[in-house]
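Asker: Just one file: input01.cif, with mmCIF, C-alpha atoms.
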```
data_my_file
loop_
_atom_site.label_atom_id
_atom_site.label_comp_id
_atom_site.auth_asym_id
_atom_site.auth_seq_id
_atom_site.Cartn_x
_atom_site.Cartn_y
_atom_site.Cartn_z
CA MET A 30 -29.91 92.53 39.50
CA ARG A 31 -31.97 95.70 39.24
CA THR A 32 -35.53 95.95 40.44
CA TYR A 33 -38.01 97.24 37.86
CA ILE A 34 -41.66 98.18 37.81
CA ALA A 35 -43.51 97.71 34.52
CA LEU A 36 -46.78 99.52 34.01
CA LEU A 37 -49.12 98.38 31.25
CA ARG A 38 -51.67 100.78 29.82
CA GLY A 39 -55.25 99.78 29.17
CA VAL A 40 -55.34 96.09 30.07
CA ASN A 41 -58.36 94.46 31.71
CA VAL A 42 -60.40 97.65 31.41
CA SER A 43 -64.07 97.29 30.45
CA GLY A 44 -63.47 93.74 29.24
CA THR A 45 -60.88 94.69 26.64
CA LYS A 46 -57.29 93.53 26.25
CA LYS A 47 -57.74 90.82 28.86
CA ILE A 48 -54.59 89.37 30.35
CA LYS A 49 -54.54 87.04 33.31
CA MET A 50 -51.74 88.22 35.53
CA ALA A 51 -50.72 84.60 36.20
CA ASP A 52 -50.21 84.09 32.45
CA LEU A 53 -48.29 87.34 32.17
CA LYS A 54 -46.07 86.29 35.07
CA VAL A 55 -45.24 82.99 33.32
CA MET A 56 -44.35 84.85 30.11
CA LEU A 57 -42.01 87.20 31.97
CA GLU A 58 -40.34 84.35 33.84
CA GLU A 59 -39.75 82.66 30.48
CA PHE A 60 -37.94 85.85 29.42
CA GLY A 61 -35.54 85.27 32.31
CA PHE A 62 -36.92 87.92 34.64
CA ALA A 63 -36.58 87.01 38.32
CA ASN A 64 -38.89 87.43 41.31
CA VAL A 65 -41.82 88.42 39.06
CA GLN A 66 -44.79 89.75 41.03
CA THR A 67 -47.99 91.35 39.81
CA TYR A 68 -50.27 93.74 41.63
CA ILE A 69 -53.98 93.94 40.84
CA GLN A 70 -55.34 93.22 37.39
CA SER A 71 -54.54 96.57 35.77
CA GLY A 72 -51.04 95.64 34.66
CA ASN A 73 -48.53 96.38 37.40
CA ILE A 74 -45.48 94.13 37.38
CA ILE A 75 -42.46 94.11 39.66
CA PHE A 76 -39.42 92.08 38.63
CA LYS A 77 -35.65 91.84 38.68
CA SER A 78 -33.43 91.76 35.62
CA GLU A 79 -29.73 91.81 34.81
CA SER A 80 -30.47 94.41 32.13
CA ASN A 81 -29.93 98.09 32.80
CA LYS A 82 -31.88 99.21 29.73
CA ASP A 83 -35.45 99.99 30.73
CA LYS A 84 -36.54 100.96 27.20
CA GLU A 85 -35.36 97.59 25.86
CA LEU A 86 -37.18 95.80 28.67
CA ALA A 87 -40.37 97.73 27.88
CA GLU A 88 -40.09 96.79 24.20
CA LYS A 89 -39.46 93.14 25.06
CA ILE A 90 -42.56 93.03 27.29
CA LYS A 91 -44.65 94.86 24.67
CA ASN A 92 -43.57 92.46 21.92
CA GLY A 93 -44.15 89.46 24.18
CA ILE A 94 -47.69 90.59 24.96
CA HIS A 95 -48.34 91.03 21.25
CA ASP A 96 -46.97 87.57 20.44
CA VAL A 97 -48.63 85.72 23.34
CA PHE A 98 -51.89 87.59 23.85
CA GLY A 99 -52.42 89.08 20.39
CA PHE A 100 -52.72 92.79 21.00
CA ASP A 101 -50.61 95.89 21.43
CA VAL A 102 -50.25 97.42 24.86
CA PRO A 103 -48.11 100.43 25.72
CA VAL A 104 -45.55 99.42 28.36
CA LEU A 105 -43.59 101.74 30.60
CA VAL A 106 -40.67 100.39 32.67
CA LYS A 107 -39.17 102.33 35.56
CA THR A 108 -36.69 101.41 38.24
CA LYS A 109 -37.82 101.30 41.85
CA THR A 110 -35.59 104.33 42.45
CA GLU A 111 -37.35 106.30 39.70
CA ILE A 112 -40.78 105.54 41.19
CA ILE A 113 -39.58 106.62 44.63
CA GLN A 114 -38.20 109.85 43.15
CA ILE A 115 -41.50 110.57 41.37
CA LEU A 116 -43.34 110.24 44.68
CA GLU A 117 -40.79 112.38 46.54
CA GLU A 118 -41.07 115.16 43.95
CA SER A 119 -44.86 115.32 44.08
CA PRO A 120 -46.14 118.81 44.79
CA TYR A 121 -49.32 117.28 46.24
CA LYS A 122 -48.58 115.82 49.65
CA LYS A 123 -51.44 117.01 51.85
CA ALA A 124 -52.56 114.10 54.00
CA GLU A 125 -56.23 114.97 53.51
CA ASP A 126 -55.88 114.87 49.69
CA ILE A 127 -54.03 111.55 49.85
CA ALA A 128 -56.63 110.14 52.26
CA ALA A 129 -59.44 111.36 49.99
CA LYS A 130 -57.80 109.52 47.06
CA LYS A 131 -57.37 112.68 44.97
CA ILE A 132 -53.69 112.25 44.01
CA TYR A 133 -52.70 110.59 40.72
CA TYR A 134 -49.51 110.20 38.74
CA THR A 135 -49.52 110.09 34.95
CA LEU A 136 -46.16 108.55 34.11
CA LEU A 137 -44.78 109.60 30.73
CA LYS A 138 -42.98 107.17 28.43
CA SER A 139 -40.83 109.93 26.99
CA THR A 140 -40.12 113.59 27.66
CA PRO A 141 -42.67 115.80 25.90
CA LYS A 142 -41.60 118.65 23.66
CA GLN A 143 -41.41 121.93 25.53
CA GLU A 144 -44.00 123.55 23.25
CA ASN A 145 -46.53 120.85 24.20
CA ILE A 146 -45.75 121.27 27.90
CA THR A 147 -46.19 125.04 27.60
CA GLN A 148 -49.54 124.68 25.82
CA LEU A 149 -50.92 122.28 28.42
CA ASP A 150 -49.49 124.33 31.29
CA GLN A 151 -51.55 127.32 30.11
CA LYS A 152 -54.84 125.42 30.28
CA LYS A 153 -57.11 125.60 33.28
CA TYR A 154 -59.28 122.74 34.47
CA PRO A 155 -61.93 123.47 37.10
CA ASN A 156 -61.35 121.46 40.29
CA GLU A 157 -58.07 120.05 39.01
CA LEU A 158 -54.51 120.96 39.86
CA PHE A 159 -51.57 119.63 37.86
CA LYS A 160 -47.85 119.94 37.45
CA ILE A 161 -45.92 118.68 34.43
CA THR A 162 -42.36 117.38 34.69
CA LYS A 163 -40.18 115.56 32.16
CA ASN A 164 -41.45 112.14 33.27
CA CYS A 165 -44.73 112.67 35.13
CA VAL A 166 -47.87 114.77 35.26
CA TYR A 167 -48.89 115.12 38.89
CA LEU A 168 -52.64 115.40 39.34
CA ASN A 169 -54.74 116.55 42.26
CA CYS A 170 -58.33 115.79 41.26
CA LEU A 171 -60.21 117.91 43.77
CA LYS A 172 -63.60 116.38 42.80
CA GLY A 173 -62.24 112.87 42.20
CA ALA A 174 -60.64 111.21 39.18
CA GLY A 175 -63.98 110.07 37.78
CA ASN A 176 -64.96 113.70 37.24
CA ALA A 177 -61.58 114.90 35.96
CA LYS A 178 -61.32 116.39 32.47
CA LEU A 179 -57.53 116.14 32.48
CA ASN A 180 -57.22 112.38 32.26
CA ASN A 181 -54.70 109.96 30.76
CA ASN A 182 -56.16 110.20 27.24
CA SER A 183 -56.19 114.00 27.20
CA ILE A 184 -52.65 114.16 28.61
CA GLU A 185 -51.40 111.81 25.88
CA ARG A 186 -53.14 113.89 23.18
CA LYS A 187 -51.90 117.23 24.46
CA LEU A 188 -48.33 116.19 25.26
CA LYS A 189 -48.08 113.77 22.30
CA VAL A 190 -46.45 111.02 24.38
CA GLN A 191 -47.64 107.66 25.67
CA ALA A 192 -48.57 107.63 29.34
CA THR A 193 -50.22 105.56 32.03
CA THR A 194 -51.83 106.74 35.24
CA ARG A 195 -51.74 105.26 38.73
CA ASN A 196 -53.21 106.46 42.01
CA HIS A 197 -51.13 107.24 45.07
CA ARG A 198 -52.01 104.02 46.89
CA THR A 199 -50.92 101.89 43.92
CA MET A 200 -47.61 103.72 43.63
CA LEU A 201 -46.89 103.11 47.32
CA LYS A 202 -47.83 99.46 47.00
CA LEU A 203 -45.51 99.00 44.00
CA ILE A 204 -42.62 100.38 46.03
CA GLU A 205 -43.54 98.15 48.98
CA ILE A 206 -43.60 95.02 46.80
CA SER A 207 -40.35 96.01 45.09
CA GLU A 208 -38.64 96.18 48.48
CA GLU A 209 -39.80 92.67 49.33
CA ILE A 210 -38.58 90.84 46.22
#
```
Represent the structure of the file as structure tokens.

Answerer:
Amino acid sequence: MRTYIALLRGVNVSGTKKIKMADLKVMLEEFGFANVQTYIQSGNIIFKSESNKDKELAEKIKNGIHDVFGFDVPVLVKTKTEIIQILEESPYKKAEDIAAKKIYYTLLKSTPKQENITQLDQKKYPNELFKITKNCVYLNCLKGAGNAKLNNNSIERKLKVQATTRNHRTMLKLIEISEEI
């Protein structure tokens, strides 16, 4: 079985699209996923599956959420190995930035068109550093994420792909949990 990490976008934020993680866990177990674990209420799920098709798993979870909870939620599924690789390839590894909680990862559901990458790459955001790859936008929010202009919504608009953002601590915790299941 392969270990996967599913990331939901926009659940349990400001009282919208509420999903109890215990209910979500039950739904995923009914799908036949094994060792299902959730982490915090923002839609982080670690599980094992016989499938080797992450896009099909994402669609299955998305459809299940629609059927069970009644709303659409973008779902991104990555293997544990892919999450580890994203962290290893981060250009922002200064201990003081990590400790100050300035490092974020906007994980992309699909590879953006090169023209969209080029357009975003040419933009400048005061107090924000970023690097775009085929599957992630690495962010160093020098004044904190709450003050950042380059956020998940603007990245999705500019790159024209679905995305979801997690902080460095969450990414590390997802890997830790995935190693335990």

Asker: For the file shown, what are the residues hit by the PyMOL selection byres ((chain A and resi 127-132) around 7), laid out as a PyMOL selection string?

Answerer: chain A and resi 122-126+133+168-171+173-174+196-197

Asker: Using only C-alpha atoms, can you tell me which of A:Ser207, A:Ser80, A:Thr162, A:Asn181 comes closest to A:Pro120?

Answerer: A:Thr162

Asker: Please enumerate the residues selected by the PyMOL selection byres ((chain A and resi 72) around 7) when evaluated against the supplied file, formatted as a VMD selection string.

Answerer: chain A and resid 36 to 37 40 70 to 71 73 to 74

Asker: Evaluate the PyMOL selection byres ((chain A and resi 87) around 8) against this structure - the residues, as a PyMOL selection string, please.

Answerer: chain A and resi 35+83-86+88-91+104-106

Asker: Excluding A:Val97 and its own-chain neighbours fewer than 6 positions away, which residues fall within 10 Å of it when counting all atoms listed in the file? Please give them as a PyMOL selection string.

Answerer: chain A and resi 48+52-53+56

Asker: If I take atom CA of A:Asn92 and atom CA of A:Lys138, how far is one from the other in Å, to one decimal?

Answerer: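 Taking atom CA of A:Asn92 as the start and atom CA of A:Lys138 as the end point, the length is 16.1 Å.
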
Asker: To one decimal place, how far is atom CA of A:Met30 from atom CA of A:Glu208 in Å?

Answerer: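 Answer for the atom CA of A:Met30 to atom CA of A:Glu208 separation: 13.0 Å.
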
Asker: Counting all atoms listed in the file, what is within 12 Å of stretch 147-149 of chain A, bar same-chain residues fewer than 5 positions away, as a list in words?

Answerer: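 Result of the neighbour search: Pro141, Lys142, Tyr154, Phe159, Lys160, Ile161, Thr162, Val166, Leu179, Ser183, Ile184, Glu185, Arg186, Lys187, Leu188 and Lys189 of chain A.
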
Asker: Considering all atoms listed in the file, can you say which of A:Ile206, A:Cys165, A:Ile69, A:Leu158 comes closest to A:Glu118?

Answerer: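 Between A:Ile206, A:Cys165, A:Ile69, A:Leu158, the residue approaching A:Glu118 most closely is A:Cys165.
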
Asker: Give me, please, the distance in Å between atom CA of A:Gln66 and atom CA of A:Lys54, quoted to one decimal.

Answerer: 7.0 Å
